[in-house]
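Undergrad: Provided herewith is a single structure, encoded as structure tokens, for subsequent inquiry.
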Amino acid sequence: MMEWLAMGGHGVYVWSAYALSAAALVGVGVWPWLALRRARRRIAAALAPNQPVASGDGKRPEPGQGGVA
Amino acid sequence: MGIATEWFRRTFHRMGSPRWFFAGSRGWMLGLYLVGGALIAIGSAWGLGFAPTDRLQGNSYRILYVHVPAAHLAEAVYVAIAIAGAVHLVWRMKMADLAIAAGAPVGMTLTAAALATGYIWGIPTWGTGWVWDARTTSMLVLLFLYFGLIALRQAVPRAERAALAVSVLAIVGVVNIPIIKYSVDWFTTLHQPASIRIGERPSIDPSMLWPLAVNALGYYLFLVGVVIAALRAKIIEREAKADWVRTWVQGR
Amino acid sequence: MTPLRRQRAATVLFVLAGAGVTLAVAMLALEQDINLFYPPEQVVAGEAPIGKRIRAGGMVAAGSVAHDDTGLGVSFVVTDYQGSEFRVDYEGLLPGLFGEGEGVLVAGQLRADGVFEAEEVLAKHDENYMPPEVADMMAATGEQP
């Protein structure tokens with residue numbers, strides 16, 4: 001097990017590359033879900049009765065700002 | 001022929017409808033996330049734990065299994081974005097513009113991942129992480145192009161104007177893709193030439209090629225799923241005032 | 001396609017062609033700058049500048065690597081297997097993948113006597129990946145990778 005983790009002395013390179021790739025894939029995979037939820041909540045808040053209208057002033061909707069960039 | 005043309009025409013028109021796309025894409029998206037994620041898990045475990053070591057590089061070559069799919073998809077996403085740019089310029093299709101907005105952060109992340117894993121891989125193999133050769137430099141240009149697609153949209157105040165400018169940039173930038181691909185053949189570089197070429201026997205031993213094939217397919221499926229998910233979010237953001245979006249929001 | 005769309009499509013193709021031609025011309029003009037290193041043929045032919053910091057590269061000739069008494073200095077011959085080769089003198093650490101019969105990239109200065117004084121040596125590996133056993137088998141049968 002330790003031998004496998006060590007990767008013949010290249011462990012630090014191999015594992016950091018894989019960890020970085022996993023983080024990139026997870027980040028890029030989660031970002032759209034968060035963006036959709038954010039958009040839905042904003043629209044719901046704007047539609048809710050007796051609430052100050054948050055959007056609908058003709059401005060462009062905010063672009064998604066995920067942790068991917 | 002007639003049926004195929006008719007099917008293509010109808011699909012093209014339907015794809016142009018955000019509402020139709022949003023309603024029909026959820027199942028596909030979930031399936032692609034699931035199958036793609038599973039394939040990446042299998043391919044990575046295979047590449048890390050079961051593929052043999054390389055005669056020269058030993059274990060460090062295992063970075064190939066995450067580096068190559070990321071680099072390949074970074075280019076593939078850009079080609080798709082350029083096609084969407086052309087479709088938007090010719091047909092003024094709103095969905096094509098949304099597709100660019102959805103794909104750019106995905107492509108940018110992949111490009112960054114390819115550059116970063118390449119840097120890490122370079123240290124034990126080349127003796128340096130970075131060198132300004134034609135391959136690495138053109139890949140860095142791709143990162144800036146993705147960044148440009150995102151920044152340009154923010155910089156132009158009117159949405160329709162921004163969409164046109166972004167489409168033009170997307171199309172012009174596609175000339176960088178053949179340069180990335182052929183840089184290792186046209187110029188002297190530190191990066192080695194391609195191991196897999198169409199119509200030739202791969203110069204990777206089959207025992208090492210399988211995990212790469214699994215991972216590459218996994219990346220493809222997973223990232224198509226991610227782009228669909230991002231497109232769905234962009235649709236809701238952009239169509240916030242449409243009745244069907246309000247109905248969807250209230251129904252949840 | 002409507003005439004308007006046909007016109008837009010023509011514009012798209014025109015823009016794409018313009019960008020492609022511009023880039024192709026630029027790359028042809030800058031080819032020497034885009035190339036990362038001088039191959040042995042150009043070094044031998046005198047096309048590489050003398051006394052300026054440049055990069056050169058090729059294959060490390062078999063049997064040519066010689067370490068000096070201090071253990072730090074090393075010299076080897078870089079070849080293209082086509083008859084062009086030059087000697088490299090270097091003092092310092094070699095990358096892990098450095099070896100005879102493998103690719104190499106050297107950065108430093110070419111002396112007037114044709115010897116390359118390297119300040120940096122990088123390994124350039126090829127596109128072949130195979131397990132050691134397969135490599136041994138191929139070596140035994142004399143097959144090239």
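Residue numbering restarts at 1 in every chain; chains get A, B, ... in the order shown in the structure tokens, and ligands count up from 1 in that same order.
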Considering only C-alpha atoms, return as a PyMOL selection string whatever protein or nucleic-acid residues lie within 12 Å of C:Gly57, sequence-local ones (same chain, fewer than 3 positions apart) excluded.
TA: (chain B and resi 188-190) or (chain C and resi 35-43+48+54+60-61+77-80+84-88+102-108+116+118+120-125)
Undergrad: Pull N, CA and C atoms from the residues just selected and write them as a compact mmCIF listing (two decimals), in the first residue's frame.
TA:
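Saved the output as out36.txt:
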```txt
# COMPACT_ATOMS: atom_id res chain seq x y z
N THR B 188 9.83 22.44 -33.87
CA THR B 188 10.57 21.66 -32.87
C THR B 188 10.06 22.09 -31.49
N THR B 189 9.67 21.10 -30.72
CA THR B 189 9.09 21.36 -29.39
C THR B 189 9.71 20.39 -28.39
N LEU B 190 9.55 20.73 -27.11
CA LEU B 190 9.96 19.78 -26.08
C LEU B 190 8.87 18.72 -25.91
N ASN C 35 10.12 27.72 -33.55
CA ASN C 35 10.88 26.50 -33.25
C ASN C 35 11.61 26.67 -31.92
N LEU C 36 11.55 25.64 -31.09
CA LEU C 36 12.14 25.76 -29.76
C LEU C 36 13.65 25.59 -29.81
N PHE C 37 14.13 24.73 -30.71
CA PHE C 37 15.57 24.44 -30.68
C PHE C 37 16.11 24.16 -32.09
N TYR C 38 17.44 24.25 -32.20
CA TYR C 38 18.12 23.91 -33.45
C TYR C 38 18.41 22.41 -33.48
N PRO C 39 18.01 21.71 -34.53
CA PRO C 39 18.38 20.30 -34.65
C PRO C 39 19.86 20.19 -35.04
N PRO C 40 20.47 19.02 -34.85
CA PRO C 40 21.91 18.86 -35.12
C PRO C 40 22.30 19.32 -36.53
N GLU C 41 21.42 19.08 -37.50
CA GLU C 41 21.75 19.45 -38.88
C GLU C 41 22.05 20.95 -38.99
N GLN C 42 21.23 21.77 -38.33
CA GLN C 42 21.42 23.22 -38.41
C GLN C 42 22.64 23.66 -37.61
N VAL C 43 22.90 22.98 -36.48
CA VAL C 43 24.07 23.32 -35.67
C VAL C 43 25.34 23.06 -36.49
N ALA C 48 23.10 27.90 -36.62
CA ALA C 48 22.86 28.35 -35.24
C ALA C 48 23.91 29.39 -34.88
N ILE C 54 21.18 29.94 -26.95
CA ILE C 54 20.22 29.25 -27.84
C ILE C 54 19.89 27.88 -27.25
N VAL C 60 20.72 11.60 -27.74
CA VAL C 60 22.02 11.36 -27.12
C VAL C 60 22.63 10.11 -27.77
N ALA C 61 23.79 10.26 -28.41
CA ALA C 61 24.39 9.14 -29.13
C ALA C 61 24.80 8.04 -28.15
N VAL C 77 27.44 13.35 -26.96
CA VAL C 77 27.25 13.74 -28.35
C VAL C 77 25.76 13.72 -28.67
N VAL C 78 25.28 14.79 -29.29
CA VAL C 78 23.88 14.86 -29.73
C VAL C 78 23.85 14.59 -31.23
N THR C 79 23.02 13.65 -31.63
CA THR C 79 22.98 13.24 -33.03
C THR C 79 21.55 13.23 -33.55
N ASP C 80 21.41 13.25 -34.87
CA ASP C 80 20.08 13.07 -35.46
C ASP C 80 20.00 11.72 -36.18
N SER C 84 24.57 14.08 -38.78
CA SER C 84 24.92 15.34 -38.14
C SER C 84 24.99 15.15 -36.63
N GLU C 85 26.09 15.60 -36.02
CA GLU C 85 26.19 15.49 -34.57
C GLU C 85 27.13 16.55 -34.02
N PHE C 86 26.92 16.90 -32.73
CA PHE C 86 27.81 17.87 -32.08
C PHE C 86 27.99 17.47 -30.63
N ARG C 87 29.11 17.94 -30.04
CA ARG C 87 29.41 17.56 -28.66
C ARG C 87 28.85 18.60 -27.70
N VAL C 88 28.40 18.13 -26.54
CA VAL C 88 27.86 19.02 -25.51
C VAL C 88 28.71 18.85 -24.25
N GLU C 102 18.18 8.44 -25.93
CA GLU C 102 16.95 9.19 -25.66
C GLU C 102 17.11 10.63 -26.16
N GLY C 103 15.97 11.31 -26.27
CA GLY C 103 15.99 12.69 -26.74
C GLY C 103 16.51 13.63 -25.67
N VAL C 104 17.11 14.74 -26.11
CA VAL C 104 17.65 15.70 -25.17
C VAL C 104 17.52 17.11 -25.74
N LEU C 105 17.37 18.07 -24.83
CA LEU C 105 17.31 19.48 -25.22
C LEU C 105 18.33 20.21 -24.38
N VAL C 106 19.24 20.95 -25.01
CA VAL C 106 20.26 21.66 -24.25
C VAL C 106 20.12 23.16 -24.49
N ALA C 107 20.27 23.94 -23.42
CA ALA C 107 20.25 25.39 -23.54
C ALA C 107 21.60 25.92 -23.12
N GLY C 108 22.15 26.84 -23.88
CA GLY C 108 23.47 27.38 -23.56
C GLY C 108 24.04 28.07 -24.78
N PHE C 116 29.02 22.60 -27.83
CA PHE C 116 27.92 23.32 -27.18
C PHE C 116 28.14 23.33 -25.68
N ALA C 118 26.52 23.77 -22.42
CA ALA C 118 25.15 23.79 -21.93
C ALA C 118 25.07 24.33 -20.51
N GLU C 120 21.84 24.27 -19.22
CA GLU C 120 20.64 23.54 -18.81
C GLU C 120 20.44 22.35 -19.75
N VAL C 121 20.13 21.19 -19.16
CA VAL C 121 19.84 20.00 -19.97
C VAL C 121 18.47 19.49 -19.60
N LEU C 122 17.59 19.35 -20.59
CA LEU C 122 16.25 18.80 -20.38
C LEU C 122 16.10 17.52 -21.18
N ALA C 123 15.25 16.62 -20.68
CA ALA C 123 15.02 15.37 -21.39
C ALA C 123 13.80 15.52 -22.28
N LYS C 124 13.92 15.07 -23.53
CA LYS C 124 12.77 15.08 -24.44
C LYS C 124 12.41 13.63 -24.71
N HIS C 125 11.30 13.19 -24.12
CA HIS C 125 10.96 11.78 -24.33
C HIS C 125 10.09 11.64 -25.56
```
Undergrad: Please, which residues in chain A fall within 6 Å of chain B when counting only C-alpha atoms, and what is the closest atom pair and distance in Å to one decimal for each, ordered by chain then residue number, as CSV?
TA:
```
residue,atom,partner,partner_atom,distance
A:Met7,CA,B:Asn59,CA,5.6
A:His10,CA,B:Ser60,CA,5.7
A:Tyr13,CA,B:Ile120,CA,5.8
A:Val14,CA,B:Ile63,CA,5.7
A:Ala17,CA,B:Thr117,CA,5.1
A:Gly29,CA,B:Val226,CA,5.5
A:Pro32,CA,B:Ala230,CA,4.5
A:Ala35,CA,B:Ala233,CA,5.9
A:Leu36,CA,B:Ala233,CA,4.3
A:Ala39,CA,B:Glu237,CA,5.6
```
Undergrad: Let's have the selection written as a PDB file, in the first residue's frame, with C-alpha atoms.
TA:
```
ATOM      1  CA  MET A   7       4.678   5.556  -6.978  1.00  0.00           C
ATOM      2  CA  HIS A  10       6.887  10.001  -8.232  1.00  0.00           C
ATOM      3  CA  TYR A  13       3.583  14.362  -8.914  1.00  0.00           C
ATOM      4  CA  VAL A  14       1.063  11.631  -9.717  1.00  0.00           C
ATOM      5  CA  ALA A  17      -2.068  15.776 -10.741  1.00  0.00           C
ATOM      6  CA  GLY A  29     -19.634  19.732 -12.382  1.00  0.00           C
ATOM      7  CA  PRO A  32     -24.101  24.661 -13.042  1.00  0.00           C
ATOM      8  CA  ALA A  35     -26.017  28.591 -10.776  1.00  0.00           C
ATOM      9  CA  LEU A  36     -29.430  27.068 -11.521  1.00  0.00           C
ATOM     10  CA  ALA A  39     -31.280  31.766 -10.573  1.00  0.00           C
TER      11      ALA A  39
END
```
Undergrad: Enumerate as a short mmCIF file (atom, residue, chain, number, x, y, z; two decimals) with all heavy atoms, in the first residue's frame the residues belonging to chain C that approach chain B to within 8 Å, with only C-alpha atoms taken into account.
TA:
```cif
data_model
loop_
_atom_site.label_atom_id
_atom_site.label_comp_id
_atom_site.auth_asym_id
_atom_site.auth_seq_id
_atom_site.Cartn_x
_atom_site.Cartn_y
_atom_site.Cartn_z
N ARG C 5 -29.30 35.19 -44.49
CA ARG C 5 -28.49 34.18 -43.78
C ARG C 5 -27.32 33.72 -44.65
O ARG C 5 -26.24 33.46 -44.14
CB ARG C 5 -29.37 32.99 -43.40
CG ARG C 5 -30.25 33.33 -42.21
CD ARG C 5 -31.22 32.22 -41.91
NE ARG C 5 -32.10 32.62 -40.82
CZ ARG C 5 -33.25 32.02 -40.54
NH1 ARG C 5 -33.64 30.99 -41.27
NH2 ARG C 5 -33.99 32.43 -39.55
N ARG C 6 -27.58 33.63 -45.97
CA ARG C 6 -26.50 33.22 -46.85
C ARG C 6 -25.38 34.27 -46.81
O ARG C 6 -24.20 33.93 -46.78
CB ARG C 6 -27.03 33.05 -48.29
CG ARG C 6 -26.08 32.29 -49.17
CD ARG C 6 -26.75 31.90 -50.48
NE ARG C 6 -27.87 30.99 -50.26
CZ ARG C 6 -29.02 31.06 -50.94
NH1 ARG C 6 -29.20 32.00 -51.84
NH2 ARG C 6 -29.98 30.21 -50.69
N ARG C 8 -24.72 36.25 -44.29
CA ARG C 8 -24.04 36.13 -42.99
C ARG C 8 -23.06 34.96 -43.00
O ARG C 8 -21.96 35.05 -42.48
CB ARG C 8 -25.06 35.93 -41.89
CG ARG C 8 -25.84 37.18 -41.52
CD ARG C 8 -26.88 36.79 -40.51
NE ARG C 8 -27.76 37.85 -40.13
CZ ARG C 8 -28.95 37.65 -39.56
NH1 ARG C 8 -29.37 36.42 -39.34
NH2 ARG C 8 -29.71 38.66 -39.22
N ALA C 9 -23.51 33.84 -43.61
CA ALA C 9 -22.64 32.67 -43.67
C ALA C 9 -21.38 32.99 -44.45
O ALA C 9 -20.27 32.58 -44.08
CB ALA C 9 -23.38 31.49 -44.30
N VAL C 12 -19.08 34.89 -42.25
CA VAL C 12 -18.41 34.01 -41.29
C VAL C 12 -17.23 33.30 -41.95
O VAL C 12 -16.11 33.28 -41.43
CB VAL C 12 -19.42 32.98 -40.74
CG1 VAL C 12 -18.69 31.87 -40.01
CG2 VAL C 12 -20.41 33.66 -39.80
N VAL C 15 -14.38 35.78 -42.61
CA VAL C 15 -13.64 36.10 -41.39
C VAL C 15 -12.71 34.95 -41.01
O VAL C 15 -11.53 35.13 -40.69
CB VAL C 15 -14.62 36.40 -40.22
CG1 VAL C 15 -13.90 36.41 -38.89
CG2 VAL C 15 -15.33 37.72 -40.46
N LEU C 16 -13.24 33.72 -41.10
CA LEU C 16 -12.46 32.54 -40.76
C LEU C 16 -11.25 32.39 -41.69
O LEU C 16 -10.13 32.15 -41.25
CB LEU C 16 -13.36 31.30 -40.84
CG LEU C 16 -12.84 30.03 -40.20
CD1 LEU C 16 -12.55 30.27 -38.73
CD2 LEU C 16 -13.84 28.91 -40.36
N ALA C 19 -8.65 35.10 -40.90
CA ALA C 19 -7.88 34.79 -39.69
C ALA C 19 -6.89 33.68 -39.96
O ALA C 19 -5.73 33.74 -39.53
CB ALA C 19 -8.84 34.39 -38.56
N GLY C 20 -7.33 32.66 -40.72
CA GLY C 20 -6.46 31.53 -41.02
C GLY C 20 -5.26 31.94 -41.85
O GLY C 20 -4.11 31.57 -41.55
N LEU C 23 -2.78 34.11 -39.89
CA LEU C 23 -2.01 33.31 -38.95
C LEU C 23 -0.96 32.46 -39.67
O LEU C 23 0.17 32.33 -39.22
CB LEU C 23 -2.96 32.42 -38.15
CG LEU C 23 -2.34 31.88 -36.89
CD1 LEU C 23 -2.34 32.97 -35.84
CD2 LEU C 23 -3.09 30.67 -36.39
N GLU C 31 8.76 31.21 -38.30
CA GLU C 31 9.01 29.79 -38.04
C GLU C 31 10.24 29.58 -37.16
O GLU C 31 10.22 28.81 -36.21
CB GLU C 31 9.17 29.04 -39.36
CG GLU C 31 9.13 27.54 -39.14
CD GLU C 31 9.44 26.76 -40.40
OE1 GLU C 31 9.59 27.39 -41.46
OE2 GLU C 31 9.55 25.54 -40.29
N ILE C 34 9.45 30.35 -33.66
CA ILE C 34 8.51 29.44 -33.01
C ILE C 34 9.20 28.12 -32.68
O ILE C 34 8.91 27.49 -31.68
CB ILE C 34 7.26 29.21 -33.90
CG1 ILE C 34 6.57 30.55 -34.18
CG2 ILE C 34 6.29 28.26 -33.23
CD1 ILE C 34 5.45 30.47 -35.17
N ASN C 35 10.12 27.72 -33.55
CA ASN C 35 10.88 26.50 -33.25
C ASN C 35 11.61 26.67 -31.92
O ASN C 35 12.21 27.71 -31.67
CB ASN C 35 11.88 26.21 -34.36
CG ASN C 35 11.23 25.54 -35.55
OD1 ASN C 35 10.34 24.71 -35.39
ND2 ASN C 35 11.65 25.92 -36.74
N LEU C 36 11.55 25.64 -31.09
CA LEU C 36 12.14 25.76 -29.76
C LEU C 36 13.65 25.59 -29.81
O LEU C 36 14.37 26.21 -29.05
CB LEU C 36 11.52 24.72 -28.82
CG LEU C 36 11.97 24.80 -27.37
CD1 LEU C 36 11.44 26.07 -26.73
CD2 LEU C 36 11.49 23.59 -26.59
N PHE C 37 14.13 24.73 -30.71
CA PHE C 37 15.57 24.44 -30.68
C PHE C 37 16.11 24.16 -32.09
O PHE C 37 15.36 23.92 -33.03
CB PHE C 37 15.85 23.26 -29.76
CG PHE C 37 15.16 21.96 -30.15
CD1 PHE C 37 15.73 21.10 -31.07
CD2 PHE C 37 13.95 21.61 -29.57
CE1 PHE C 37 15.10 19.91 -31.41
CE2 PHE C 37 13.32 20.42 -29.91
CZ PHE C 37 13.90 19.58 -30.83
N TYR C 38 17.44 24.25 -32.20
CA TYR C 38 18.12 23.91 -33.45
C TYR C 38 18.41 22.41 -33.48
O TYR C 38 19.03 21.90 -32.55
CB TYR C 38 19.43 24.68 -33.57
CG TYR C 38 19.28 26.17 -33.76
CD1 TYR C 38 19.30 27.03 -32.68
CD2 TYR C 38 19.10 26.70 -35.03
CE1 TYR C 38 19.17 28.41 -32.86
CE2 TYR C 38 18.96 28.06 -35.22
CZ TYR C 38 18.99 28.91 -34.13
OH TYR C 38 18.84 30.26 -34.32
N LEU C 94 21.55 16.18 -14.14
CA LEU C 94 20.85 15.74 -15.35
C LEU C 94 19.43 15.32 -14.98
O LEU C 94 19.20 14.79 -13.89
CB LEU C 94 21.60 14.56 -15.97
CG LEU C 94 22.96 14.89 -16.57
CD1 LEU C 94 23.76 13.62 -16.82
CD2 LEU C 94 22.80 15.69 -17.86
N PRO C 95 18.45 15.55 -15.86
CA PRO C 95 17.09 15.11 -15.56
C PRO C 95 17.01 13.58 -15.49
O PRO C 95 17.84 12.88 -16.07
CB PRO C 95 16.26 15.66 -16.72
CG PRO C 95 17.23 15.91 -17.82
CD PRO C 95 18.54 16.21 -17.17
N GLY C 96 16.00 13.10 -14.78
CA GLY C 96 15.87 11.67 -14.55
C GLY C 96 15.79 10.84 -15.82
O GLY C 96 16.28 9.71 -15.88
N LEU C 97 15.19 11.39 -16.85
CA LEU C 97 14.99 10.62 -18.08
C LEU C 97 16.16 10.76 -19.05
O LEU C 97 16.11 10.26 -20.16
CB LEU C 97 13.71 11.07 -18.79
CG LEU C 97 12.39 10.58 -18.19
CD1 LEU C 97 11.25 10.85 -19.14
CD2 LEU C 97 12.45 9.11 -17.85
N LEU C 105 17.37 18.07 -24.83
CA LEU C 105 17.31 19.48 -25.22
C LEU C 105 18.33 20.21 -24.38
O LEU C 105 18.32 20.09 -23.16
CB LEU C 105 15.90 20.01 -24.95
CG LEU C 105 15.64 21.44 -25.39
CD1 LEU C 105 15.42 21.49 -26.88
CD2 LEU C 105 14.42 22.01 -24.68
N VAL C 121 20.13 21.19 -19.16
CA VAL C 121 19.84 20.00 -19.97
C VAL C 121 18.47 19.49 -19.60
O VAL C 121 18.18 19.25 -18.43
CB VAL C 121 20.91 18.90 -19.75
CG1 VAL C 121 20.50 17.62 -20.46
CG2 VAL C 121 22.27 19.36 -20.24
N LEU C 122 17.59 19.35 -20.59
CA LEU C 122 16.25 18.80 -20.38
C LEU C 122 16.10 17.52 -21.18
O LEU C 122 16.73 17.36 -22.23
CB LEU C 122 15.18 19.81 -20.81
CG LEU C 122 15.19 21.18 -20.14
CD1 LEU C 122 14.14 22.08 -20.76
CD2 LEU C 122 14.97 21.04 -18.65
N ALA C 123 15.25 16.62 -20.68
CA ALA C 123 15.02 15.37 -21.39
C ALA C 123 13.80 15.52 -22.28
O ALA C 123 12.79 16.08 -21.87
CB ALA C 123 14.81 14.23 -20.40
N LYS C 124 13.92 15.07 -23.53
CA LYS C 124 12.77 15.08 -24.44
C LYS C 124 12.41 13.63 -24.71
O LYS C 124 13.16 12.92 -25.39
CB LYS C 124 13.13 15.79 -25.75
CG LYS C 124 12.04 15.75 -26.80
CD LYS C 124 12.43 16.62 -28.00
CE LYS C 124 11.65 16.29 -29.27
NZ LYS C 124 10.22 16.61 -29.22
N HIS C 125 11.30 13.19 -24.12
CA HIS C 125 10.96 11.78 -24.33
C HIS C 125 10.09 11.64 -25.56
O HIS C 125 9.53 12.61 -26.06
CB HIS C 125 10.30 11.18 -23.09
CG HIS C 125 8.97 11.79 -22.74
ND1 HIS C 125 7.79 11.38 -23.33
CD2 HIS C 125 8.63 12.77 -21.88
CE1 HIS C 125 6.81 12.09 -22.83
NE2 HIS C 125 7.28 12.95 -21.95
N ASP C 126 9.99 10.42 -26.08
CA ASP C 126 9.23 10.22 -27.31
C ASP C 126 7.80 9.84 -26.98
O ASP C 126 7.38 9.83 -25.81
CB ASP C 126 9.89 9.19 -28.23
CG ASP C 126 9.99 7.83 -27.58
OD1 ASP C 126 9.26 7.58 -26.60
OD2 ASP C 126 10.81 7.01 -28.03
N GLU C 127 7.01 9.53 -28.03
CA GLU C 127 5.59 9.28 -27.85
C GLU C 127 5.27 7.81 -27.59
O GLU C 127 4.13 7.41 -27.60
CB GLU C 127 4.81 9.79 -29.08
CG GLU C 127 5.03 8.99 -30.36
CD GLU C 127 6.27 9.42 -31.14
OE1 GLU C 127 7.23 9.92 -30.51
OE2 GLU C 127 6.28 9.26 -32.36
N ASN C 128 6.32 7.00 -27.35
CA ASN C 128 6.08 5.58 -27.12
C ASN C 128 5.93 5.29 -25.63
O ASN C 128 6.75 5.73 -24.83
CB ASN C 128 7.23 4.75 -27.69
CG ASN C 128 7.35 4.91 -29.18
OD1 ASN C 128 6.43 4.62 -29.93
ND2 ASN C 128 8.50 5.43 -29.63
N TYR C 129 4.89 4.56 -25.30
CA TYR C 129 4.69 4.13 -23.92
C TYR C 129 4.57 2.62 -23.92
O TYR C 129 3.77 2.06 -24.69
CB TYR C 129 3.41 4.74 -23.33
CG TYR C 129 3.43 6.25 -23.25
CD1 TYR C 129 3.02 7.02 -24.32
CD2 TYR C 129 3.86 6.90 -22.10
CE1 TYR C 129 3.03 8.40 -24.25
CE2 TYR C 129 3.88 8.28 -22.01
CZ TYR C 129 3.46 9.02 -23.09
OH TYR C 129 3.47 10.38 -23.02
N MET C 130 5.36 1.95 -23.10
CA MET C 130 5.25 0.49 -23.01
C MET C 130 5.82 0.02 -21.68
O MET C 130 6.70 0.66 -21.11
CB MET C 130 5.96 -0.18 -24.17
CG MET C 130 7.46 0.04 -24.20
SD MET C 130 8.23 -0.73 -25.61
CE MET C 130 7.84 0.42 -26.90
N PRO C 131 5.31 -1.13 -21.19
CA PRO C 131 5.86 -1.68 -19.96
C PRO C 131 7.29 -2.17 -20.19
O PRO C 131 7.65 -2.50 -21.32
CB PRO C 131 4.93 -2.86 -19.63
CG PRO C 131 3.79 -2.75 -20.57
CD PRO C 131 4.21 -1.94 -21.73
N PRO C 132 8.11 -2.24 -19.13
CA PRO C 132 9.50 -2.68 -19.29
C PRO C 132 9.62 -4.03 -19.95
O PRO C 132 10.52 -4.25 -20.78
CB PRO C 132 10.02 -2.72 -17.85
CG PRO C 132 9.09 -1.88 -17.04
CD PRO C 132 7.77 -1.89 -17.75
N GLU C 133 8.69 -4.97 -19.61
CA GLU C 133 8.80 -6.33 -20.17
C GLU C 133 8.65 -6.30 -21.68
O GLU C 133 9.35 -7.00 -22.41
CB GLU C 133 7.72 -7.25 -19.59
CG GLU C 133 7.64 -7.29 -18.06
CD GLU C 133 6.75 -6.19 -17.52
OE1 GLU C 133 5.54 -6.27 -17.74
OE2 GLU C 133 7.28 -5.24 -16.90
N ALA C 135 9.32 -3.78 -23.60
CA ALA C 135 10.52 -3.15 -24.14
C ALA C 135 11.66 -4.18 -24.23
O ALA C 135 12.39 -4.23 -25.23
CB ALA C 135 10.93 -1.97 -23.28
N PRO C 145 10.72 0.42 -31.43
CA PRO C 145 9.41 0.83 -30.91
C PRO C 145 8.66 1.70 -31.91
O PRO C 145 9.28 2.38 -32.69
CB PRO C 145 9.76 1.62 -29.65
CG PRO C 145 11.19 1.98 -29.78
CD PRO C 145 11.83 0.96 -30.66
#
```
Undergrad: Per DSSP on the backbone, what are the helix (DSSP H, G or I) residues of chain C, as an MDAnalysis selection string?
TA: chainID C and resid 3:29 31:34 40:44 132:141
Undergrad: Write out as JSON, numbers by chain all residues of stretch 21-106 of chain C that backbone DSSP assigns to strand (DSSP E).
TA: {"C": [53, 54, 55, 56, 57, 58, 59, 60, 66, 67, 73, 74, 75, 76, 77, 78, 79, 85, 86, 87, 88, 89, 90, 91, 103, 104, 105, 106]}
Undergrad: What gap, in Å, lies between atom CA of C:Val65 and atom CA of C:Tyr90?
TA: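 Separation between atom CA of C:Val65 and atom CA of C:Tyr90: 10.9 Å.
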Undergrad: So, with only C-alpha atoms as the atoms that count, which of A:Arg42, A:Leu20, A:Gly9, A:Glu3 lies closest to chain C?
TA: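 Selected residue with least distance to chain C: A:Gly9.
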Undergrad: How many Å lie between atom CA of B:Ser25 and atom CA of B:Val224, rounded to one decimal?
TA: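 Interatomic distance here is 11.4 Å.
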Undergrad: Just to confirm, what's the straight-line distance from atom CA of B:Val214 to atom CA of B:Gly43 in Å (one decimal)?
TA: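 That distance, rounded to one decimal, is 5.1 Å.
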Undergrad: From the options C:Leu72, C:Val115, C:Ala66, C:Met1, which residue's atoms come nearest to C:Gly51, counting only C-alpha atoms?
TA: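 Among C:Leu72, C:Val115, C:Ala66, C:Met1, it is C:Val115 that comes nearest to C:Gly51.
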